[in-house]
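Okay, protein-v3.cif is below, mmCIF, C-alpha atoms:
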```cif
data_entry
loop_
_atom_site.label_atom_id
_atom_site.label_comp_id
_atom_site.auth_asym_id
_atom_site.auth_seq_id
_atom_site.Cartn_x
_atom_site.Cartn_y
_atom_site.Cartn_z
CA MET A 1 15.66 -18.17 -7.44
CA PRO A 2 17.96 -21.09 -6.66
CA ASP A 3 16.16 -24.14 -5.36
CA ASN A 4 19.15 -25.56 -3.56
CA SER A 5 20.39 -24.84 -0.07
CA LYS A 6 21.92 -21.50 0.79
CA GLU A 7 24.99 -20.71 -1.18
CA HIS A 8 26.57 -18.21 1.13
CA ASP A 9 30.05 -19.29 2.04
CA GLY A 10 30.83 -16.11 3.91
CA SER A 11 34.00 -15.75 1.92
CA LYS A 12 35.43 -12.60 0.44
CA SER A 13 37.29 -12.48 -2.83
CA ARG A 14 39.32 -9.97 -4.79
CA GLY A 15 37.10 -8.32 -7.36
CA GLN A 16 37.10 -5.28 -9.60
CA ASN A 17 39.98 -2.94 -8.76
CA GLY A 18 41.46 -5.52 -6.45
CA ARG A 19 39.05 -4.69 -3.63
CA LEU A 20 37.48 -7.16 -1.29
CA GLU A 21 34.00 -8.28 -2.25
CA GLU A 22 31.53 -10.13 -0.12
CA THR A 23 29.42 -12.81 -1.70
CA PRO A 24 25.83 -12.16 -0.62
CA THR A 25 23.78 -14.92 0.89
CA LEU A 26 21.54 -16.19 -1.87
CA PRO A 27 17.94 -16.75 -0.84
CA THR A 28 16.44 -20.05 -1.89
CA ARG A 29 12.89 -20.75 -2.99
CA ALA A 30 12.28 -22.15 0.48
CA ASP A 31 13.35 -18.79 1.91
CA VAL A 32 10.90 -16.98 -0.33
CA ARG A 33 8.07 -19.33 0.66
CA ARG A 34 8.96 -18.91 4.33
CA ASN A 35 9.09 -15.11 3.99
CA LEU A 36 5.67 -14.94 2.38
CA ALA A 37 4.11 -17.41 4.81
CA GLU A 38 5.48 -15.63 7.88
CA TRP A 39 4.48 -12.28 6.41
CA GLU A 40 0.92 -13.50 5.93
CA VAL A 41 0.64 -14.94 9.45
CA GLU A 42 1.98 -11.76 11.01
CA LEU A 43 -0.23 -9.61 8.82
CA ARG A 44 -3.34 -11.58 9.75
CA ARG A 45 -2.46 -11.29 13.43
CA ARG A 46 -2.03 -7.52 13.20
CA VAL A 47 -5.12 -6.97 11.11
CA ALA A 48 -7.20 -9.06 13.53
CA ILE A 49 -6.10 -6.79 16.39
CA LEU A 50 -6.88 -3.64 14.41
CA VAL A 51 -10.29 -4.91 13.35
CA ARG A 52 -11.14 -5.96 16.91
CA ASN A 53 -10.21 -2.49 18.15
CA VAL A 54 -12.49 -0.89 15.58
CA VAL A 55 -15.48 -3.17 16.15
CA ASP A 56 -15.31 -3.46 19.92
CA GLN A 57 -13.92 -0.09 20.97
CA ASN A 58 -14.51 2.12 17.94
CA GLN A 59 -10.77 2.79 17.92
CA LEU A 60 -9.57 3.45 14.37
CA PRO A 61 -5.94 2.75 13.43
CA ASN A 62 -3.82 5.79 12.61
CA GLU A 63 -2.25 6.43 9.22
CA PRO A 64 1.30 5.23 10.03
CA THR A 65 -0.07 1.95 11.36
CA LEU A 66 -2.03 1.38 8.18
CA ARG A 67 0.90 2.41 6.00
CA ARG A 68 3.15 -0.10 7.71
CA LEU A 69 0.79 -2.87 6.68
CA GLY A 70 1.81 -2.25 3.08
CA LEU A 71 -0.50 -2.13 0.08
CA ASP A 72 -1.62 -5.74 0.28
CA GLY A 73 -1.93 -5.48 4.04
CA ARG A 74 -4.16 -2.42 3.80
CA ARG A 75 -6.35 -4.18 1.27
CA TYR A 76 -6.62 -7.17 3.58
CA TYR A 77 -7.47 -4.87 6.50
CA GLN A 78 -10.33 -3.23 4.61
CA THR A 79 -11.74 -6.58 3.54
CA SER A 80 -11.47 -7.98 7.06
CA LEU A 81 -13.14 -4.92 8.54
CA GLN A 82 -16.10 -5.22 6.17
CA LEU A 83 -16.47 -8.91 6.98
CA ALA A 84 -16.34 -8.17 10.69
CA PHE A 85 -19.06 -5.57 10.39
CA ARG A 86 -21.17 -7.94 8.38
CA ARG A 87 -20.74 -10.64 10.99
CA ASN A 88 -21.63 -8.16 13.70
CA ILE A 89 -25.01 -7.42 12.19
CA ASP A 90 -25.69 -11.03 11.35
CA ALA A 91 -29.14 -12.23 12.53
CA GLN A 92 -27.71 -15.22 14.34
CA ALA A 93 -25.29 -13.12 16.33
CA ASN A 94 -28.13 -10.79 17.35
CA ARG A 95 -30.93 -13.31 17.82
CA GLU A 96 -32.08 -12.06 21.26
CA VAL A 97 -32.16 -8.47 20.17
CA VAL A 98 -34.09 -9.39 17.09
CA ALA A 99 -36.67 -11.39 19.10
CA GLU A 100 -37.11 -8.58 21.57
CA ASN A 101 -37.52 -6.06 18.81
CA ALA A 102 -40.02 -8.34 17.11
CA GLY A 103 -42.18 -8.35 20.27
CA ASP A 104 -42.13 -4.59 20.40
CA ARG A 105 -43.07 -4.43 16.81
CA MET A 106 -46.07 -6.74 17.38
CA ARG A 107 -47.24 -4.68 20.33
CA GLY A 108 -46.86 -1.54 18.37
CA ARG A 109 -48.85 -2.96 15.53
CA ALA A 110 -51.75 -3.91 17.87
CA LEU A 111 -51.84 -0.46 19.36
CA VAL A 112 -51.93 1.07 15.97
CA GLN A 113 -54.81 -1.17 14.96
CA LEU A 114 -56.89 -0.19 18.02
CA SER A 115 -56.28 3.48 17.72
CA SER A 116 -56.86 3.45 14.04
CA LYS A 117 -60.53 2.36 14.52
CA PRO A 118 -62.65 5.44 15.35
CA ASN A 119 -65.47 4.95 17.88
CA TRP A 120 -68.32 6.99 16.48
CA HIS A 121 -70.51 6.32 19.52
CA ASP A 122 -68.00 7.75 21.91
CA ARG A 123 -69.18 10.74 24.05
CA ARG A 124 -68.15 14.02 22.51
CA SER A 125 -69.19 16.37 25.31
CA GLU A 126 -67.88 16.24 28.85
CA ARG A 127 -70.02 14.26 31.27
CA PRO A 128 -71.45 16.04 34.43
CA LYS A 129 -69.73 15.42 37.73
CA TYR A 130 -70.38 12.17 39.51
CA THR A 131 -72.07 13.72 42.58
CA LYS A 132 -74.50 15.58 40.39
CA ARG A 133 -75.30 12.51 38.39
CA ALA A 134 -75.66 10.42 41.56
CA ARG A 135 -77.97 12.95 43.16
CA LYS A 136 -80.25 13.02 40.16
CA SER A 137 -80.37 9.29 39.66
CA SER A 138 -80.89 8.32 43.36
CA ARG A 139 -83.60 10.87 44.32
CA PRO A 140 -86.74 8.77 43.52
CA LEU A 141 -85.22 5.70 45.07
CA VAL A 142 -84.50 7.46 48.37
CA ALA A 143 -88.02 8.84 48.54
CA ALA A 144 -89.54 5.43 47.88
CA ILE A 145 -87.47 3.82 50.64
CA ILE A 146 -88.51 6.44 53.15
CA VAL A 147 -92.19 6.21 52.29
CA ALA A 148 -92.10 2.44 52.50
CA THR A 149 -90.41 2.59 55.88
CA ILE A 150 -93.01 4.99 57.23
CA LEU A 151 -95.86 2.91 56.00
CA THR A 152 -94.43 -0.23 57.55
CA LEU A 153 -93.82 1.35 60.93
CA ASN A 154 -96.75 2.08 63.25
CA SER A 155 -94.81 3.57 66.00
CA ASP A 156 -95.69 7.19 66.61
CA LEU A 157 -92.14 7.89 67.70
CA LEU A 158 -90.67 6.53 64.56
CA ALA A 159 -93.26 8.39 62.58
CA LYS A 160 -92.30 11.60 64.25
CA VAL A 161 -88.60 10.99 63.77
CA PHE A 162 -89.01 10.17 60.14
CA THR A 163 -91.35 13.05 59.63
CA SER A 164 -88.87 15.49 61.06
CA LEU A 165 -86.14 13.81 59.08
CA LEU A 166 -88.09 14.22 55.90
CA GLU A 167 -88.79 17.82 56.70
CA ARG A 168 -85.08 18.48 57.25
CA MET A 169 -84.06 16.70 54.15
CA THR A 170 -86.60 18.63 52.24
CA SER A 171 -85.41 21.85 53.77
CA TYR A 172 -81.80 21.00 52.84
CA GLY A 173 -82.85 20.25 49.33
CA LEU A 174 -81.99 16.57 49.51
CA LEU A 175 -85.42 15.54 48.45
CA MET B 1 35.13 -11.85 -11.07
CA THR B 2 35.82 -14.38 -13.78
CA LYS B 3 32.93 -16.73 -13.15
CA THR B 4 31.18 -18.17 -16.15
CA PRO B 5 27.49 -17.32 -16.46
CA LYS B 6 25.15 -20.16 -15.44
CA THR B 7 23.26 -20.09 -18.72
CA PRO B 8 24.93 -18.80 -21.86
CA ASN B 9 23.02 -15.78 -23.07
CA ALA B 10 23.65 -13.59 -26.07
CA SER B 11 22.73 -10.40 -24.24
CA LEU B 12 25.17 -10.92 -21.35
CA PRO B 13 27.65 -9.52 -20.59
CA ALA B 14 26.24 -6.10 -21.31
CA PHE B 15 26.54 -2.45 -20.48
CA LEU B 16 23.57 -1.56 -18.27
CA ALA B 17 22.82 1.89 -16.87
CA THR B 18 20.09 3.51 -14.82
CA ILE B 19 19.88 7.11 -15.83
CA SER B 20 17.56 10.10 -15.46
CA GLN B 21 17.89 13.82 -15.03
CA GLU B 22 15.32 13.71 -12.23
CA SER B 23 16.49 12.73 -8.79
CA ALA B 24 14.72 10.37 -6.38
CA VAL B 25 12.96 8.29 -9.01
CA GLY B 26 14.49 4.96 -7.97
CA LYS B 27 17.69 4.75 -10.02
CA THR B 28 19.87 3.27 -7.30
CA THR B 29 17.12 0.94 -6.09
CA LEU B 30 16.68 -0.28 -9.65
CA MET B 31 20.42 -0.77 -10.11
CA THR B 32 20.56 -2.74 -6.86
CA LEU B 33 17.77 -4.94 -8.21
CA ILE B 34 19.64 -5.45 -11.47
CA ALA B 35 22.80 -6.39 -9.57
CA ASP B 36 20.80 -8.85 -7.48
CA VAL B 37 19.23 -10.42 -10.56
CA LEU B 38 22.69 -10.80 -12.11
CA THR B 39 23.93 -12.33 -8.86
CA LEU B 40 21.12 -14.88 -8.96
CA GLU B 41 22.01 -15.61 -12.57
CA LYS B 42 25.63 -16.04 -11.49
CA SER B 43 26.61 -13.42 -14.01
CA PRO B 44 29.60 -11.31 -12.88
CA TYR B 45 29.40 -7.55 -12.98
CA ALA B 46 31.41 -4.44 -12.21
CA GLY B 47 29.59 -1.44 -10.75
CA PHE B 48 30.16 2.25 -11.42
CA GLN B 49 28.42 5.17 -9.83
CA ALA B 50 28.41 8.83 -10.81
CA ASP B 51 26.43 10.50 -8.05
CA ASP B 52 26.74 12.90 -5.14
CA LYS B 53 25.60 10.20 -2.75
CA PRO B 54 27.44 6.90 -3.16
CA ARG B 55 24.42 4.81 -2.24
CA LEU B 56 25.09 2.05 -4.74
CA ALA B 57 28.53 1.51 -3.23
CA ALA B 58 26.87 1.17 0.17
CA MET B 59 24.38 -1.35 -1.21
CA LEU B 60 26.70 -3.53 -3.25
CA GLY B 61 29.87 -3.22 -1.21
CA ALA B 62 33.29 -2.72 -2.77
CA ARG B 63 32.30 -3.62 -6.30
CA VAL B 64 31.36 -0.05 -7.15
CA THR B 65 33.77 2.50 -8.61
CA ASP B 66 32.98 6.14 -7.99
CA LEU B 67 33.06 8.33 -11.10
CA LYS B 68 32.24 11.66 -9.52
CA VAL B 69 33.66 14.65 -11.34
CA ASP B 70 34.57 17.79 -9.44
CA ALA B 71 32.46 20.44 -11.18
CA ASP B 72 34.81 23.31 -10.26
CA LEU B 73 37.88 21.54 -11.60
CA LEU B 74 36.00 20.47 -14.71
CA ILE B 75 35.60 24.09 -15.84
CA GLU B 76 39.35 24.60 -15.71
CA GLN B 77 40.28 21.16 -17.01
CA PRO B 78 37.74 19.75 -19.50
CA SER B 79 39.98 16.75 -20.04
CA LEU B 80 39.16 15.70 -16.48
CA LEU B 81 35.87 14.33 -17.77
CA ARG B 82 37.65 11.81 -19.97
CA THR B 83 40.05 10.90 -17.16
CA THR B 84 37.29 10.36 -14.66
CA TYR B 85 35.13 8.19 -16.90
CA SER B 86 37.92 6.21 -18.50
CA PRO B 87 37.51 3.25 -16.04
CA LEU B 88 33.96 2.87 -17.33
CA TYR B 89 35.17 2.90 -20.93
CA THR B 90 37.86 0.35 -20.12
CA ALA B 91 35.38 -1.93 -18.36
CA CYS B 92 33.08 -1.78 -21.40
CA SER B 93 35.90 -2.54 -23.76
CA ASP B 94 36.92 -5.58 -21.67
CA ALA B 95 33.36 -6.76 -20.94
CA LYS B 96 33.19 -9.38 -23.67
CA LYS B 97 36.67 -10.63 -22.91
CA THR B 98 36.13 -10.97 -19.16
CA GLY B 99 32.43 -11.85 -19.32
CA THR B 100 31.72 -9.05 -16.86
CA THR B 101 28.60 -6.94 -17.19
CA VAL B 102 29.19 -3.23 -16.62
CA LEU B 103 26.67 -1.43 -14.40
CA LEU B 104 26.40 2.35 -14.25
CA ASP B 105 24.20 4.24 -11.80
CA ALA B 106 24.08 7.82 -13.07
CA GLY B 107 22.98 10.56 -10.69
CA ALA B 108 20.62 13.26 -11.91
CA ARG B 109 23.31 15.94 -12.03
CA GLU B 110 25.80 13.75 -13.84
CA VAL B 111 23.66 12.90 -16.84
CA GLU B 112 25.01 15.75 -18.93
CA ASN B 113 28.62 14.90 -18.07
CA ILE B 114 28.02 11.28 -18.96
CA ALA B 115 26.34 12.21 -22.23
CA ASN B 116 29.24 14.52 -23.08
CA PHE B 117 31.71 11.76 -22.32
CA PHE B 118 29.82 9.23 -24.45
CA SER B 119 29.73 11.74 -27.27
CA ASP B 120 33.35 12.72 -26.79
CA VAL B 121 34.70 9.19 -27.05
CA ASP B 122 32.04 8.15 -29.58
CA LEU B 123 31.04 5.28 -27.35
CA ASP B 124 28.20 4.18 -29.62
CA GLU B 125 30.58 3.23 -32.40
CA ASP B 126 32.79 1.34 -29.97
CA LEU B 127 29.88 -0.54 -28.43
CA VAL B 128 28.88 -1.76 -31.89
CA ARG B 129 32.48 -2.74 -32.58
CA TRP B 130 32.74 -4.59 -29.30
CA ASN B 131 29.35 -6.18 -29.95
CA LEU B 132 28.36 -5.26 -26.42
CA THR B 133 24.65 -5.16 -25.68
CA THR B 134 23.72 -1.79 -24.17
CA LYS B 135 20.57 -1.15 -22.22
CA PHE B 136 19.68 2.08 -20.46
CA PHE B 137 16.92 1.98 -17.86
CA VAL B 138 15.11 5.29 -17.49
CA PRO B 139 12.99 5.42 -14.32
CA VAL B 140 10.00 7.72 -14.22
CA GLN B 141 7.27 8.57 -11.75
CA ALA B 142 3.83 9.99 -12.51
CA ASP B 143 4.70 13.63 -11.87
CA PRO B 144 5.50 16.36 -14.41
CA GLU B 145 9.10 16.98 -13.31
CA SER B 146 9.99 13.31 -13.45
CA ILE B 147 8.35 12.89 -16.86
CA ALA B 148 10.15 15.93 -18.22
CA GLY B 149 13.46 14.63 -16.84
CA ALA B 150 12.86 11.20 -18.35
CA ALA B 151 11.98 12.68 -21.73
CA MET B 152 15.11 14.86 -21.79
CA THR B 153 17.28 11.94 -20.75
CA TRP B 154 15.66 9.69 -23.34
CA GLU B 155 16.26 12.12 -26.17
CA ARG B 156 19.82 12.82 -25.05
CA MET B 157 20.77 9.16 -24.80
CA GLN B 158 19.11 8.29 -28.08
CA LYS B 159 21.21 10.97 -29.67
CA VAL B 160 24.62 10.06 -28.19
CA VAL B 161 24.18 6.26 -28.04
CA PRO B 162 21.61 5.43 -30.73
CA HIS B 163 22.39 1.71 -30.60
CA ALA B 164 21.50 1.47 -26.93
CA GLN B 165 18.16 -0.05 -26.04
CA LEU B 166 16.20 2.28 -23.78
CA ILE B 167 13.80 0.79 -21.26
CA LEU B 168 11.17 2.85 -19.46
CA VAL B 169 10.82 1.89 -15.81
CA GLU B 170 7.60 3.18 -14.34
CA ASN B 171 8.07 3.56 -10.61
CA LEU B 172 4.68 3.40 -8.91
CA HIS B 173 6.02 4.76 -5.65
CA ASP B 174 4.01 7.76 -4.35
CA ARG B 175 2.04 8.52 -7.49
CA GLY B 176 0.88 5.27 -9.03
CA GLN B 177 0.66 4.39 -12.69
CA ILE B 178 0.76 7.04 -15.41
CA ASP B 179 -1.99 5.32 -17.41
CA ARG B 180 -4.35 5.72 -14.49
CA LEU B 181 -3.92 9.47 -14.25
CA LYS B 182 -6.81 11.67 -15.31
CA ALA B 183 -6.57 12.80 -18.91
CA GLN B 184 -6.51 16.45 -17.84
CA SER B 185 -3.88 16.09 -15.11
CA PRO B 186 -0.62 18.00 -15.79
CA ALA B 187 1.47 14.83 -15.50
CA ARG B 188 -0.71 12.89 -17.94
CA MET B 189 -0.80 15.75 -20.42
CA MET B 190 2.98 16.10 -20.27
CA TYR B 191 3.44 12.37 -20.66
CA ASP B 192 1.14 12.25 -23.68
CA LYS B 193 2.87 15.22 -25.22
CA ILE B 194 6.58 14.61 -24.72
CA LEU B 195 7.33 11.11 -23.41
CA ALA B 196 4.69 8.82 -24.94
CA PRO B 197 5.87 9.46 -28.54
CA LEU B 198 9.44 8.58 -27.51
CA VAL B 199 8.66 5.36 -25.64
CA VAL B 200 6.00 3.95 -27.94
CA ASN B 201 8.14 0.99 -29.06
CA ALA B 202 10.25 0.70 -25.94
CA PRO B 203 10.07 -2.09 -23.38
CA ARG B 204 8.49 -1.06 -20.11
CA ILE B 205 9.02 -2.31 -16.59
CA ILE B 206 6.46 -1.63 -13.88
CA MET B 207 8.19 -1.11 -10.56
CA PRO B 208 5.70 -1.60 -7.72
CA ALA B 209 5.61 0.73 -4.76
CA LEU B 210 7.82 -0.34 -1.88
CA VAL B 211 6.78 1.29 1.40
CA VAL B 212 9.63 3.45 2.69
CA ASP B 213 9.20 2.14 6.24
CA PHE B 214 10.06 -1.34 5.01
CA TRP B 215 13.03 -0.54 2.80
CA GLN B 216 14.67 2.37 4.63
CA PRO B 217 16.33 0.35 7.43
CA PHE B 218 17.83 -2.05 4.91
CA GLU B 219 18.92 0.69 2.54
CA GLU B 220 20.53 2.75 5.29
CA SER B 221 22.50 -0.22 6.47
CA GLY B 222 23.50 -1.19 2.93
CA THR B 223 21.65 -4.51 2.97
CA ARG B 224 20.63 -5.59 -0.49
CA PHE B 225 17.45 -7.41 -1.41
CA LEU B 226 19.03 -10.86 -1.56
CA LYS B 227 20.48 -10.54 1.92
CA VAL B 228 17.19 -9.37 3.40
CA MET B 229 15.31 -12.26 1.82
CA ALA B 230 17.82 -14.82 3.09
CA LEU B 231 17.70 -13.64 6.71
CA GLU B 232 15.96 -15.57 9.47
CA ALA B 233 13.33 -13.49 11.30
CA GLU B 234 15.09 -13.57 14.67
CA ASP B 235 18.49 -12.73 13.17
CA GLY B 236 17.07 -9.91 11.08
CA ALA B 237 15.12 -8.47 13.98
CA SER B 238 18.19 -8.26 16.17
CA GLN B 239 20.36 -6.98 13.31
CA PHE B 240 17.98 -4.11 12.48
CA SER B 241 16.71 -3.47 16.02
CA MET B 242 13.14 -4.36 15.10
CA SER B 243 10.57 -6.58 16.67
CA VAL B 244 10.38 -10.00 15.04
CA GLY B 245 6.89 -9.17 13.79
CA ASP B 246 8.04 -5.91 12.20
CA PHE B 247 10.89 -7.69 10.48
CA LYS B 248 8.57 -10.38 9.14
CA ILE B 249 6.31 -7.72 7.67
CA ALA B 250 9.22 -5.75 6.19
CA ARG B 251 10.97 -8.85 4.81
CA GLY B 252 7.70 -10.12 3.36
CA ASN B 253 7.14 -6.87 1.50
CA VAL B 254 10.72 -6.82 0.23
CA THR B 255 10.26 -10.39 -0.98
CA LYS B 256 7.03 -9.51 -2.79
CA PHE B 257 8.67 -6.47 -4.35
CA PHE B 258 11.65 -8.46 -5.56
CA GLY B 259 9.33 -11.19 -6.76
CA ALA B 260 7.52 -8.66 -8.96
CA MET B 261 10.70 -7.10 -10.34
CA HIS B 262 12.86 -10.19 -10.85
CA PRO B 263 11.02 -11.69 -13.84
CA GLN B 264 10.64 -8.31 -15.54
CA ILE B 265 14.32 -7.42 -15.25
CA LYS B 266 15.34 -10.92 -16.22
CA ALA B 267 13.15 -10.80 -19.31
CA VAL B 268 14.69 -7.50 -20.38
CA LEU B 269 18.23 -8.68 -19.67
CA MET B 270 17.80 -11.96 -21.50
CA HIS B 271 16.19 -10.33 -24.51
CA SER B 272 18.76 -9.41 -27.07
CA SER B 273 18.16 -6.09 -28.80
CA ASP B 274 20.74 -6.94 -31.49
CA GLY B 275 22.39 -3.61 -30.81
CA ALA B 276 19.80 -1.78 -32.81
CA GLY B 277 18.36 0.31 -30.00
CA ASN B 278 14.66 1.13 -29.94
CA ALA B 279 14.52 2.16 -33.56
CA ARG B 280 14.20 -1.28 -35.09
#
```

So that I can check it, write out the structure of this file as structure tokens.
Amino acid sequence: MPDNSKEHDGSKSRGQNGRLEETPTLPTRADVRRNLAEWEVELRRRVAILVRNVVDQNQLPNEPTLRRLGLDGRRYYQTSLQLAFRRNIDAQANREVVAENAGDRMRGRALVQLSSKPNWHDRRSERPKYTKRARKSSRPLVAAIIVATILTLNSDLLAKVFTSLLERMTSYGLL
Amino acid sequence: MTKTPKTPNASLPAFLATISQESAVGKTTLMTLIADVLTLEKSPYAGFQADDKPRLAAMLGARVTDLKVDADLLIEQPSLLRTTYSPLYTACSDAKKTGTTVLLDAGAREVENIANFFSDVDLDEDLVRWNLTTKFFVPVQADPESIAGAAMTWERMQKVVPHAQLILVENLHDRGQIDRLKAQSPARMMYDKILAPLVVNAPRIIMPALVVDFWQPFEESGTRFLKVMALEAEDGASQFSMSVGDFKIARGNVTKFFGAMHPQIKAVLMHSSDGAGNAR
């Protein structure tokens, strides 16, 4: 590749068979460097858009789009996509999610620990209803209160009232 | 074209041809590349094309002479073959004197006519007498038809022009490299059986794949590699009705492709085969 400036003079000359021939513009090394540099910049721009579409919107590029990247371009796209996915699952990028998940995990572990210890003293049969248990447990106490009240009161009226009350309670089965 | 080559080289001027009995294997693209390499080397050339589609003429401009033979007339007048191809013979005979390399792009259907002409005029003997380096580039792709066509062409050319150096050009377009095919694939088996024994000592050029989307607009408009590479992005975009970004991508790929082919072709062109063909 010539290293000098462009050699195209735009002229036409008589060549084989006396026909007009056009001298092609000769690319220089600077042209080649420019072509490759501009190709790379444009390729990176396009691949960045494609990768962003995949990562953010789950929108995959179609086959013609990939083909038009060329072989090197497709290779670069695949590499960039893998890097983007790796970055996406990086711990630093997902710090909050990780912390939140860690809390859940700790809670979960505690629950598992509690439930994994069997309580052998726990009641195995169903307990009787509260009213029944209350009735049984409070019966002597009620009787004692009533007797004490009667003994402390000398009034005949009160004695009569309490006597009738006791009789009724007895008749209703409360005592 | 009477320019003196930039660097004196024993192998230039030469008679160079791209030839294969299989169509669409990259003959014209390869010949355009060769012409561009010669242009960069400031080595003059005269182009000839024997093909149904005069694509080389479109690529290189008015340098190309059409050698198409009318098949119907040829049956009635066999001498027409000699008449049609005589400009090629004359150009070869004058090549050393004028310093002009002769390029021939042979279409798939014309290979037999060309071989008959070479045999008819005993070109091989004349080439030795003229001391004109002769190199035939045989493109091949990794498919059975292409391999069979390349093998037939190789054998035919070795027979009619034994002093010509034959170069296998492996076009990676579509099918990739033959060596990477599975051992049991039909193409690989055919290659191992009929082409590999022929090309064992031959030089080989690996022609990378050039995406059709990138090259088609340039090819259709007859814009050769050198012109594409020299274009500014804005100029090229407006010339080919592309966005600037599309043109940058296409031009970049064309530049990479040419960058891969240039040193290989140059090495083959600059290497003198001493007129002994592949047999030495």

When the cut-off is 8 Å and we count all atoms listed in the file, which residues of chain B are near chain A, given as a list in words?
Met1, Leu40, Ala46, Gly61, Ala62, Arg63, Val211, Asp213, Phe214, Leu226, Lys227, Met229, Ala230, Gly245, Lys248, Ile249, Arg251, Gly252, Asn253, Thr255 and Lys256 of chain B

Could you write out the selected residues, including C-alpha atoms, as a PDB file, in the frame of the given file?
```pdb
ATOM      1  CA  MET B   1      35.130 -11.850 -11.070  1.00  0.00           C
ATOM      2  CA  LEU B  40      21.120 -14.880  -8.960  1.00  0.00           C
ATOM      3  CA  ALA B  46      31.410  -4.440 -12.210  1.00  0.00           C
ATOM      4  CA  GLY B  61      29.870  -3.220  -1.210  1.00  0.00           C
ATOM      5  CA  ALA B  62      33.290  -2.720  -2.770  1.00  0.00           C
ATOM      6  CA  ARG B  63      32.300  -3.620  -6.300  1.00  0.00           C
ATOM      7  CA  VAL B 211       6.780   1.290   1.400  1.00  0.00           C
ATOM      8  CA  ASP B 213       9.200   2.140   6.240  1.00  0.00           C
ATOM      9  CA  PHE B 214      10.060  -1.340   5.010  1.00  0.00           C
ATOM     10  CA  LEU B 226      19.030 -10.860  -1.560  1.00  0.00           C
ATOM     11  CA  LYS B 227      20.480 -10.540   1.920  1.00  0.00           C
ATOM     12  CA  MET B 229      15.310 -12.260   1.820  1.00  0.00           C
ATOM     13  CA  ALA B 230      17.820 -14.820   3.090  1.00  0.00           C
ATOM     14  CA  GLY B 245       6.890  -9.170  13.790  1.00  0.00           C
ATOM     15  CA  LYS B 248       8.570 -10.380   9.140  1.00  0.00           C
ATOM     16  CA  ILE B 249       6.310  -7.720   7.670  1.00  0.00           C
ATOM     17  CA  ARG B 251      10.970  -8.850   4.810  1.00  0.00           C
ATOM     18  CA  GLY B 252       7.700 -10.120   3.360  1.00  0.00           C
ATOM     19  CA  ASN B 253       7.140  -6.870   1.500  1.00  0.00           C
ATOM     20  CA  THR B 255      10.260 -10.390  -0.980  1.00  0.00           C
ATOM     21  CA  LYS B 256       7.030  -9.510  -2.790  1.00  0.00           C
TER      22      LYS B 256
END
```

Would you work out the distance separating atom CA of Phe257 of chain B from atom CA of Ala106 of chain B, expressed in Å to one decimal?
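According to the coordinates, atom CA of Phe257 of chain B and atom CA of Ala106 of chain B are separated by 22.8 Å.
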
Minimum-distance residue to Ile205 of chain B, chosen among B:Glu170, B:Asp126, B:Asp143, B:Asp51 (using all atoms listed in the file)
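Looking at the shortest contact to Ile205 of chain B, the residue is B:Glu170.
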
Return as a list in words the set of residues that the PyMOL selection byres ((chain B and resi 179) around 12) yields on the displayed structure.
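Applied to this file, the PyMOL selection byres ((chain B and resi 179) around 12) selects Gln141, Ala142, Glu170, Leu172, Arg175, Gly176, Gln177, Ile178, Arg180, Leu181, Lys182, Ala183, Ser185, Ala187, Arg188, Met189, Tyr191, Asp192, Ala196 and Ile206 of chain B.
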
Care to translate the PyMOL selection byres ((chain B and resi 119) around 12) into actual residues of this file, as a PyMOL selection string?
chain B and resi 81-82+112-118+120-126+156-162

What does the distance from atom CA of Leu168 of chain B to atom CA of Glu220 of chain B come to in Å, to one decimal?
26.5 Å

Give as a list in words the residues that the PyMOL selection byres ((chain B and resi 267) around 12) matches when applied to the coordinates above.
Asn9, Ser11, Ile34, Val37, Leu38, Ile167, Pro203, Arg204, Ile205, Ala260, Met261, His262, Pro263, Gln264, Ile265, Lys266, Val268, Leu269, Met270, His271, Ser272 and Ser273 of chain B

Take the residues from that selection and write them out as a JSON list (two decimals), keeping the file's coordinate frame, keeping C-alpha atoms.
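Output file selection31.json follows:
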```json
[["chain", "number", "residue", "atom", "x", "y", "z"],
["B", 9, "ASN", "CA", 23.02, -15.78, -23.07],
["B", 11, "SER", "CA", 22.73, -10.40, -24.24],
["B", 34, "ILE", "CA", 19.64, -5.45, -11.47],
["B", 37, "VAL", "CA", 19.23, -10.42, -10.56],
["B", 38, "LEU", "CA", 22.69, -10.80, -12.11],
["B", 167, "ILE", "CA", 13.80, 0.79, -21.26],
["B", 203, "PRO", "CA", 10.07, -2.09, -23.38],
["B", 204, "ARG", "CA", 8.49, -1.06, -20.11],
["B", 205, "ILE", "CA", 9.02, -2.31, -16.59],
["B", 260, "ALA", "CA", 7.52, -8.66, -8.96],
["B", 261, "MET", "CA", 10.70, -7.10, -10.34],
["B", 262, "HIS", "CA", 12.86, -10.19, -10.85],
["B", 263, "PRO", "CA", 11.02, -11.69, -13.84],
["B", 264, "GLN", "CA", 10.64, -8.31, -15.54],
["B", 265, "ILE", "CA", 14.32, -7.42, -15.25],
["B", 266, "LYS", "CA", 15.34, -10.92, -16.22],
["B", 268, "VAL", "CA", 14.69, -7.50, -20.38],
["B", 269, "LEU", "CA", 18.23, -8.68, -19.67],
["B", 270, "MET", "CA", 17.80, -11.96, -21.50],
["B", 271, "HIS", "CA", 16.19, -10.33, -24.51],
["B", 272, "SER", "CA", 18.76, -9.41, -27.07],
["B", 273, "SER", "CA", 18.16, -6.09, -28.80]]
```

Taking the point (17.9, 14.3, -13.4) as given in the file, collect each protein or nucleic acid residue that comes within 10 Å of it, counting all atoms listed in the file, and present the set as an MDAnalysis selection string.
chainID B and resid 19:25 106:112 145:146 148:150 152:153
